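Q: Following this message is one structure expressed as structure tokens.
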Amino acid sequence: MLTFLRNDPSTPVDIQDTEFTRDLLGRYVCSTYDEAVNNGGRPFDVVVIGAGMFGAYAASKIYRAGADQNLRVLLLDAGGYLAPTHVQNMPHLGLNPPDSALVTANNQDPGARNGVWGIPWHSNEPFTGLAYCPGGRSLFWGGWSPRLMPADLNAWPKGARDFLNANYPDVEREIGVQDKADYLSGPLNTAVNAQLGAVAAGTNVILPDVSLDLVEEAPIAVQANAPGPGLFSFDKFSSGPMLLESIRDDIAKRWTLNDNSRRRFFLVPRCHVIRLQTAGGRVSGIDLTYNGQFRSLSAPNNLSTDCQVVLAVGTIESTRLALESFPVTRGPFSMGANFMAHLRTNLTVRVKRSALGLGALTTLEQAGAIVRGEITNPDGSKRRYHFQVLASAERGQNPEATMWTMVPDIDLLRNLLSNEDPDWVAIVFRGLGEMDGDKRSGPGSTTSFVNLTNGADPLQSDGLSARAWVNFTPTPNDYAAWRKLAAAAVELAGRLGKSAGDVQYLYNGGWQGVPPPDPFAVTKDQLGNTHHEGGTLWMGDDPAMSITDPVGRFHHISNTYVAGPALFPTLGSANPSLTGLALARETSAAVVAALTPAPSVQFKSLYTGSLADWQMSGVGSFLQVFDILESVGGSGLLWYTRESFSDFVLELEWQNASRTDNSGVFIRVPNLNSSNPNDWMAAIDQSYEIQIDPRGFNSEAQKENDPLRSTGAIYNISAPTRTDVAKGPWQWNTFVIEAIGNRIKVTLNDVLVNDYTDPNPRSLRGHIALQNHHDGSKVQFRNIRIKEVVPGVAQLPLPRVA
């Protein structure tokens with residue numbers, strides 16, 4: 001909300017004051033509900049629900065990719081703004097995830113913890129829950145970003161597999177994973193990777209039924225080096241900076257106007273979405289609360305009639321929304337089945353430096369690696385596992401303590417160096433094992449699933465809808481694999497030693513010289529504290545056996561998508577973040593594609609009495625007189641924002657009031673929101689103007705009849721072959737403008753007056769615009785129609801040049 005000056009309560013200011021701070025970030029990134037929805041702008045084309053890791057990422061991508069069509073994007077989040085970047089990129093604030101808590105009913109809910117953490121669902125297992133803030137858990141995550149391997153993806157749709165394999169490199173580069181060694185490097189990192197590699201080279205079997213097939217440097221989403229000369233590094237990845245940058249980019253383009261109606265991207269916090277309204281197999285409305293007050297979005301009031309919706313509120317909450325909003329009888333494969341997380345173990349050891357081939361300490365030493373393999377189930381089936389290996393020469397029992405720490409001054413760095421252990425290296429082996437998913441599970445079954453609680457029970461409702469119920473029950477095969485995972489970690493750690501006493505194990509409160517007698521009992525983690533929930537809205541090619549298609553769209557709801565690990569058919573063992581971000585990239589492209597008009601070989605009207613799809617850049621304007629547009633005021637361009645065009649035929653009629661009137665039709669115009677929205681001059685140098693000027697007036701030379709500025713000219717580029725074709729004042733003329741590749745043809749009143757091929761094209765794609773030349777010039781336009789030229793489709797020949 002806006003605050004007000006104390007000495008003048010009617011004067012709003014931009015930044016909120018609290019007792020302690022000035023909330024610059026919240027005010028400059030977020031908007032109130034009314035600022036976003038009730039500003040006189042066009043209805044929203046896209047609504048993304050949830051501004052966490054995947055929602056913020058998807059919304060930012062849609063905003064950027066939708067620039068050509070001026071798509072308006074609304075991003076809703078249930079929490080308030082907290083931090084602009086990963087908490088480990090900032091000084092120590094203590095903003096850590098809390099421990100898990102068991103919540104089976106409202107009276108067990110601990111409420112908000114550590115500032116923003118809440119548990120919106122009920123379950124038979126303890127969970128940490130969700131981070132209620134833009135950026136969500138991406139502000140807190142550990143950063144591990146391994147790819148899913150071919151064996152992980154065997155049961156995935158081919159389209160999704162192909163997309164991931166083609167796009168993993170881009171996303172890895174984007175989040176700082178591609179250059180693994182730029183963050184963890186040095187002698188310890190080299191030694192740990194070499195020793196683990198030697199173990200892998202000696203045998204591919206760690207224990208019976210446990211194979212080892214790959215050792216790589218740790219794929220952690222941290223970019224330590226600059227991505228290019230003169231560029232800052234990205235540090236630890238979160239979706240926060242990407243979201244902030246996109247919103248500020250949108251605001252900057254409209255700053256001089258201070259007009260929210262022209263903005264394209266809004267983040268509104270404190271919005272809890274209750275349910276989605278549907279009609280005809282589409283979402284047609286969204287019910288929500290804003291700061292506790294009920295609100296509703298609907299088409300065509302504030303949602304466009306073809307609005308696309310993305311669910312990105314985490315696996316469990318996205319599933320709750322789907323179950324609450326899309327009740328449907330599907331048979332054995334229903335929403336909420338196939339719930340999975342990861343089987344996790346944690347083993348900490350310390351290894352003598354001499355066993356790792358390390359010499360004397362010379363610098364702060366940290367290391368990381370990933371070890372991948374397979375576990376064979378009792379029935380002979382396979383499942384994936386991996387170990388996240390982190391090592392530190394720091395004294396103590398937590399190898400990660402320094403690794404995830406910002407070091408703000410040289411004295412603290414010296415203290416860390418003085419705390420390095422000259423004899424031992426502490427290493428944590430964090431095991432993550434694939435969990436079985438049951439696509440036929442549901443209420444009454446003994447496997448894992450997500451369903452709705454009894455909404456009529458006040459202990460199972462939030463007062464507006466039922467909460468989600470999470471039944472988390474590992475299978476016997478899961479438990480067998482979990483035990484093998486724990487035993488494999490002990491075996492792998494032991495192989496780093498060269499002789500007796502080289503390896504010690506942390507359990508029973510201290511370092512022990514022998515492995516734990518029951519590794520599973522000592523090292524297993526709770527199921528609900530990995531933040532890796534997935535699977536419940538899984539993708540597939542067959543609508544009868546899956547919930548969503550390979551781009552994340554619901555099979556039975558044509559305008560609604562999912563972003564995040566809820567889409568995973570199987571979980572594999574990898575942290576789902578990299579794959580979830582890559583899929584969100586694909587979903588974002590699908591959303592933009594769904595809103596991109598298909599090329600049509602038939603003419604369609606660009607103006608039918610409404611300027612909703614047009615925008616004025618400059619100081620002039622256009623009057624609307626029934627089906628006619630008339631230029632008035634000073635100079636500028638009225639440009640069609642909803643679509644850009646490459647190859648096309650444009651038809652329109654125009655007439656002028658007097659010989660001194662001047663105007664033009666601009667083609668292939670750049671998006672004028674990319675600069676000052678009052679400044680349309682980018683179109684002069686980056687597009688083409690088809691001139692309308694009976695005098696052919698050259699203002700620089702102060703003379704008339706300049707061929708390059710006469711009606712039918714491609715302004716200052718190509719003169720018309722005839723200047724006697726246009727009709728006099730108050731008589732309608734017809735332009736047919738054909739742009740194919742670098743060739744432009746202009747037909748005036750059925751006479752081809754210009755045929756120009758540009759050897760160095762200014763642009764091959766852009767928007768259509770009508771010019772306002774000067775105050776007092778009155779030019780009218782009507783019947784503005786366009787058809788796109790599709791390669792391979794023959795066009796009717798235009799008249800020959802006269």
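Within each chain, counting starts at residue 1; across the structure tokens, chains are named A, B, ... in the order shown, with ligands numbered 1 upward in that order.
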Could you give me, as a PyMOL selection string, the residues within 12 Å of Val273 (chain A), counting only C-alpha atoms and dropping anything in the same chain fewer than 6 positions from it?

A: chain A and resi 47-50+75-79+285-297+311-313+317-318+320-322+324-325+462+464-465

Q: When distances are computed from only C-alpha atoms, which of A:Arg585, A:Ala218, A:Arg782, A:Gly176 shows the smallest separation from Gln624 (chain A)?

A: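 Closest residue, counting only C-alpha atoms: A:Arg782.
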
Q: Please identify all polymer residues within 7 Å of Ala466 (chain A), counting only C-alpha atoms, omitting same-chain residues fewer than 4 positions from it, and present them as a list of chain:residue names.

A: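 In the requested form, the answer reads A:Leu452, A:Thr453, A:Asn454, A:Gly455, A:Gln460, A:Ser461, A:Asp462.
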
Q: I'd like to know which residues of region 538-742 of chain A are alpha helix (DSSP H) (by DSSP, run on the backbone); could you write them as a PyMOL selection string?

A: chain A and resi 577-594+682-686

Q: Show which residues sit within 12 Å of Ser605 (chain A), as a list in words. Count only C-alpha atoms, and ignore same-chain residues fewer than 2 positions away.

A: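 Contacts, with the query itself left out: Ser600, Gln602, Phe603, Tyr607, Thr608, Gly609, Ser610, Asp613, Asp627, Tyr640, Leu650, Glu651, Leu652, Arg782, Asn783, Ile784, Arg785, Ile786 and Lys787 of chain A.
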
Q: What lies within 12 Å of Arg262 (chain A) using only C-alpha atoms, ignoring chain neighbours under 3 positions off, as JSON, numbers by chain?

A: {"A": [35, 36, 37, 39, 40, 41, 42, 43, 44, 70, 71, 72, 73, 250, 251, 252, 253, 254, 255, 256, 257, 258, 259, 265, 266, 612, 613, 614, 615, 616, 617, 641, 672, 673, 677, 678]}

Q: Using only C-alpha atoms, which of the listed residues (A:Ala589, A:Gln88, A:Lys604, A:Ala67) sits closest to Gly766 (chain A)?

A: A:Ala67

Q: Could you name the residues that touch region 556-563 of chain A at 9 Å or less, counting only C-alpha atoms, but leaving out those on the same chain fewer than 4 positions away, as a PyMOL selection string?

A: chain A and resi 54-55+58+278+280-283+306-315+318+326+537+543+547-548+551-552+567+580-581+583-585+587-588+591+594

Q: Please produce a file of those selected residues containing C-alpha atoms, as a short mmCIF file (atom, residue, chain, number, x, y, z; two decimals), in the first residue's frame.

A:
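Written file, part_36.cif:
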data_model
loop_
_atom_site.label_atom_id
_atom_site.label_comp_id
_atom_site.auth_asym_id
_atom_site.auth_seq_id
_atom_site.Cartn_x
_atom_site.Cartn_y
_atom_site.Cartn_z
CA PHE A 54 9.39 -21.77 -11.03
CA GLY A 55 6.59 -19.19 -11.11
CA ALA A 58 8.14 -18.61 -15.94
CA THR A 278 -14.06 -23.03 -15.40
CA GLY A 280 -16.21 -24.98 -21.54
CA GLY A 281 -13.01 -26.75 -20.54
CA ARG A 282 -11.18 -23.48 -19.84
CA VAL A 283 -10.37 -21.40 -16.79
CA ASP A 306 -7.97 -16.27 -24.27
CA CYS A 307 -6.10 -15.78 -20.96
CA GLN A 308 -3.57 -18.49 -20.11
CA VAL A 309 -3.03 -19.60 -16.48
CA VAL A 310 0.07 -21.18 -14.96
CA LEU A 311 -0.04 -23.03 -11.62
CA ALA A 312 3.34 -22.65 -9.91
CA VAL A 313 2.60 -22.82 -6.18
CA GLY A 314 4.58 -25.99 -5.51
CA THR A 315 3.65 -29.58 -6.18
CA SER A 318 -0.80 -26.78 -7.33
CA PHE A 326 -11.19 -29.22 -11.91
CA LEU A 537 0.22 -33.75 -12.14
CA PRO A 543 -4.62 -38.15 -21.87
CA ILE A 547 -2.70 -35.36 -16.33
CA THR A 548 -0.70 -32.89 -18.42
CA VAL A 551 4.61 -28.82 -22.35
CA GLY A 552 2.78 -28.81 -19.01
CA LEU A 567 4.95 -32.50 -13.93
CA GLY A 580 11.90 -27.91 -13.31
CA LEU A 581 13.40 -24.64 -14.59
CA LEU A 583 10.47 -27.38 -18.23
CA ALA A 584 9.22 -23.97 -17.08
CA ARG A 585 11.15 -22.53 -20.00
CA THR A 587 5.92 -24.10 -20.69
CA SER A 588 6.57 -20.35 -20.98
CA VAL A 591 2.00 -20.06 -23.25
CA ALA A 594 -0.86 -20.18 -27.51
#

Q: From the list A:Gly728, A:Gly437, A:Gly634, A:Pro516, which residue is nearest Pro474 (chain A) when using only C-alpha atoms?

A: A:Gly437

Q: Using DSSP on the backbone coordinates, identify all residues within region 278-525 of chain A classified as strand (DSSP E); present the result as a PyMOL selection string.

A: chain A and resi 278-279+282-290+293-298+303-311+342-352+366-376+382-392+424-434+449-452+468-471+503-507+510-512

Q: Using only C-alpha atoms, which residues sit within 6 Å of region 358-373 of chain A once same-chain residues fewer than 2 positions away are excluded, as a compact mmCIF listing (two decimals) with C-alpha atoms, in the first residue's frame?

A:
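Dumped to out.txt:
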# COMPACT_ATOMS: atom_id res chain seq x y z
CA LEU A 184 34.78 -25.13 -6.15
CA LEU A 188 41.15 -30.26 -2.17
CA ASN A 189 38.54 -30.24 -4.93
CA SER A 211 26.30 -49.90 -8.88
CA LEU A 212 28.36 -46.75 -9.43
CA ASP A 213 28.48 -45.35 -12.94
CA LEU A 214 29.58 -41.69 -12.86
CA VAL A 215 31.63 -39.22 -10.80
CA GLU A 216 31.55 -35.51 -11.73
CA GLU A 217 32.40 -32.17 -10.16
CA ALA A 218 29.57 -30.77 -8.08
CA ARG A 353 44.79 -35.40 4.38
CA SER A 354 47.56 -37.86 3.65
CA LEU A 356 43.76 -37.91 -0.08
CA TYR A 385 20.53 -42.70 -6.66
CA HIS A 386 23.34 -40.19 -6.20
CA PHE A 387 25.57 -38.80 -3.49
CA GLN A 388 26.16 -35.09 -3.08
CA VAL A 389 29.69 -34.94 -1.69
CA LEU A 390 30.95 -31.80 0.03
CA ALA A 391 34.31 -31.52 1.77
CA SER A 392 36.03 -28.89 3.87
CA ALA A 393 39.33 -28.63 5.70
CA LEU A 417 41.83 -19.74 7.48

Q: Go through A:Lys778, A:His532, A:Arg695, A:His773 and flag the residue nearest Gly636 (chain A), using only C-alpha atoms for the distances.

A: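 The closest residue to Gly636 (chain A) is A:His773.
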
Q: I'd like to know which of A:Glu125, A:Asp525, A:Asp23, A:Asp34 is closest to Ala83 (chain A), using only C-alpha atoms.

A: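 The answer is A:Asp23, which sits nearest to Ala83 (chain A).
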
Q: With distances taken over only C-alpha atoms, which residue among A:Ala521, A:Ala56, A:Ala769, A:Ala151 lies nearest Arg483 (chain A)?

A: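 For Arg483 (chain A), the nearest of the candidates is A:Ala521.
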